[in-house]
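Trainee: Structure in structure tokens, see below.
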Amino acid sequence: MRLALLGPPGAGKGTQAARICDAFGLLHFSSGDLLRAEKLKKTPEGQKIRDYIDSGRFVPDELMLGIIRNKLASIAKQGFVLDGFPRTLSQATALTEFLAEMNRTLSLVIDLAVDPAVLSRRFEGRRVCPVCLSVYHVDLMPPQREGICDHDGARLVIRPDDMPAVVRTRIDTYRQTVTPLLDYYRQAGLLWKVDASGSVDDVWVQIEARLSQPDMRGSSAA
């Protein structure tokens with residue numbers, strides 16, 4: 001399967017993508033994680049990416065597309081989940097072209113739709129491990145020890161792009177760009193919308209049931 005997960009910041013794309021990959025043996029490509037890794041590099045491109053991420057703005061297509069293209073070119077025919085990519089119509093059309101060059105297509109595009117009020121509550125409690133990048137929530141998905149990562153013992157932090165003012169910018173930017181993107185995949189017959197306002201487990205039940213259907217199991221031949 002070759003999947004793309006769409007949704008506003010805080011919709012749970014990373015959490016659900018990780019579950020999908022574990023359950024179905026797919027590779028996980030998080031646009032956020034890829035960009036955060038790039039911004040740590042001491043390069044002009046890394047500094048540009050840092051400026052965009054820390055202010056809550058989208059990274060320009062030319063930077064994002066270069067990163068994603070390199071990743072897709074390195075995996076041959078393995079199945080994957082794109083988490084948070086594409087984010088614009090131009091990125092979507094470029095992705096279609098990249099995959100066509102490899103004689104591949106997307107199997108399904110999952111739109112995680114969340115009420116704005118729910119998003120605000122989610123961000124207030126989100127914490128991240130600075131070492132392994134695992135994501136927690138103080139109420140919904142807390143670590144075993146308060147403030148400490150379950151995997152490596154690092155102290156959890158609030159990411160700069162999760163600060164309230166930055167979050168508002170990220171959500172507003174997403175709303176302004178998402179409609180043409182959703183229309184593009186709807187017209188292609190690939191879009192599947194999920195109400196992601198519920199718990200992580202509730203959302204996962206819906207996704208697992210859809211991806212377990214025979215038409216998805218057979219999509220690896222496409």
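Lettering and numbering for the structure tokens are positional, with chains as A, B, ... in the shown order, residues counted from 1 in each chain, and ligands counted from 1 in the shown order.
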Quick one: residues within 7 Å of range 15-32 of chain A, only C-alpha atoms counted, chain neighbours fewer than 5 positions away excluded, as a ChimeraX atom specification?
Mentor: /A:79-85,204
Trainee: Give me the residues within 9 Å of range 37-46 of chain A as a PDB file with C-alpha atoms, in the first residue's frame, counting only C-alpha atoms and dropping any in the same chain fewer than 5 places off.
Mentor:
```
ATOM      1  CA  GLY A  32       7.573  17.209   9.914  1.00  0.00           C
ATOM      2  CA  ASP A  51      13.023  29.989   9.829  1.00  0.00           C
ATOM      3  CA  ILE A  53       9.136  25.954  10.843  1.00  0.00           C
ATOM      4  CA  LEU A  63      12.581  22.544  -0.521  1.00  0.00           C
ATOM      5  CA  ILE A  67      13.420  15.967   0.292  1.00  0.00           C
TER       6      ILE A  67
END
```
Trainee: Determine, counting only C-alpha atoms, which protein, DNA and RNA residues have an atom within 12 Å of an atom of Arg145 in chain A; residues of the same chain fewer than 4 positions away are not included. Present the result as a list of chain:residue names.
Mentor: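 So the residues in contact are A:Tyr136, A:Val138, A:Met141, A:Cys149, A:Asp150, A:His151, A:Asp152, A:Gly153, A:Ala154, A:Arg155, A:Leu156.
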Trainee: Could you give me, as a PyMOL selection string, the residues within 12 Å of Arg186 in chain A, counting only C-alpha atoms and dropping anything in the same chain fewer than 6 positions from it?
Mentor: chain A and resi 108-111+179-180+192-193
Trainee: Can you tell me which residues surround Gln91 in chain A at a distance of at most 10 Å, considering only C-alpha atoms, apart from same-chain residues fewer than 2 positions away, and format the answer as a VMD selection string?
Mentor: chain A and resid 60 to 62 64 to 65 68 85 to 89 93 to 97 181
Trainee: Generate the output file for the selected residues, C-alpha atoms, as a CSV table (one decimal), in the first residue's frame.
Mentor:
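Generated output (selection_6.csv):
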```
chain,number,residue,atom,x,y,z
A,60,PRO,CA,8.3,26.3,0.2
A,61,ASP,CA,7.5,23.6,-2.3
A,62,GLU,CA,11.0,23.5,-3.9
A,64,MET,CA,9.9,20.0,0.5
A,65,LEU,CA,9.7,18.4,-2.9
A,68,ILE,CA,10.4,13.8,-0.6
A,85,PHE,CA,2.6,15.4,2.7
A,86,PRO,CA,1.4,16.7,0.3
A,87,ARG,CA,0.2,20.0,1.7
A,88,THR,CA,-0.5,21.9,-1.5
A,89,LEU,CA,-2.0,21.2,-4.9
A,93,THR,CA,0.6,17.0,-8.7
A,94,ALA,CA,4.4,16.7,-8.3
A,95,LEU,CA,3.9,13.6,-6.1
A,96,THR,CA,1.8,12.0,-8.8
A,97,GLU,CA,4.5,12.7,-11.3
A,181,LEU,CA,-5.8,19.5,-2.4
```
Trainee: Excluding range 98-102 of chain A and any residue of its chain fewer than 4 positions from it, enumerate the residues within 12 Å of it, using only C-alpha atoms, and give them as a ChimeraX atom specification.
Mentor: /A:2-3,65-66,68-80,91-94,106-107,222
Trainee: Grab the CA of Ala188 in chain A to CA of Arg170 in chain A distance for me, in Å with one decimal place.
Mentor: 26.6 Å
Trainee: Could you tell me how far CA of Asp201 in chain A sits from CA of Pro9 in chain A, in Å to one decimal place?
Mentor: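 The value is 18.5 Å.
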Trainee: When you count only C-alpha atoms, which of these residues is closest to Ala113 in chain A: A:Arg168, A:Arg57, A:Arg50, A:Arg175?
Mentor: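 Distance minimum relative to Ala113 in chain A lands on A:Arg175.
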Trainee: List every residue of range 87-193 of chain A that DSSP, applied to the backbone of this structure, places in helix (DSSP H, G or I), and write the result as number ranges by chain.
Mentor: A: 89-101, 116-124, 160-162, 164-187
Trainee: Please report, as a PyMOL selection string, each residue of range 2-217 of chain A to which DSSP assigns strand (DSSP E) when run on this structure's backbone.
Mentor: chain A and resi 2-6+27-30+80-83+108-113+126-128+135-137+191-195
Trainee: By how many Å are CA of Arg126 in chain A and CA of Asp162 in chain A apart?
Mentor: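 Straight-line distance from CA of Arg126 in chain A to CA of Asp162 in chain A works out to 7.8 Å.
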Trainee: Neighbouring residues of Ser55 in chain A were defined as those with any atom within 10 Å, considering only C-alpha atoms; residues of the same chain fewer than 4 positions away were excluded. Please report them as a PyMOL selection string.
Mentor: chain A and resi 50-51+160-161+163+165-167+169-170
Trainee: Check the smallest atom-to-atom distance from each of A:Val200, A:Ile171, A:Gly189, A:Lys13 to Leu119 in chain A using only C-alpha atoms, then report the winner.
Mentor: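 Of A:Val200, A:Ile171, A:Gly189, A:Lys13, the one nearest Leu119 in chain A, counting only C-alpha atoms, is A:Ile171.
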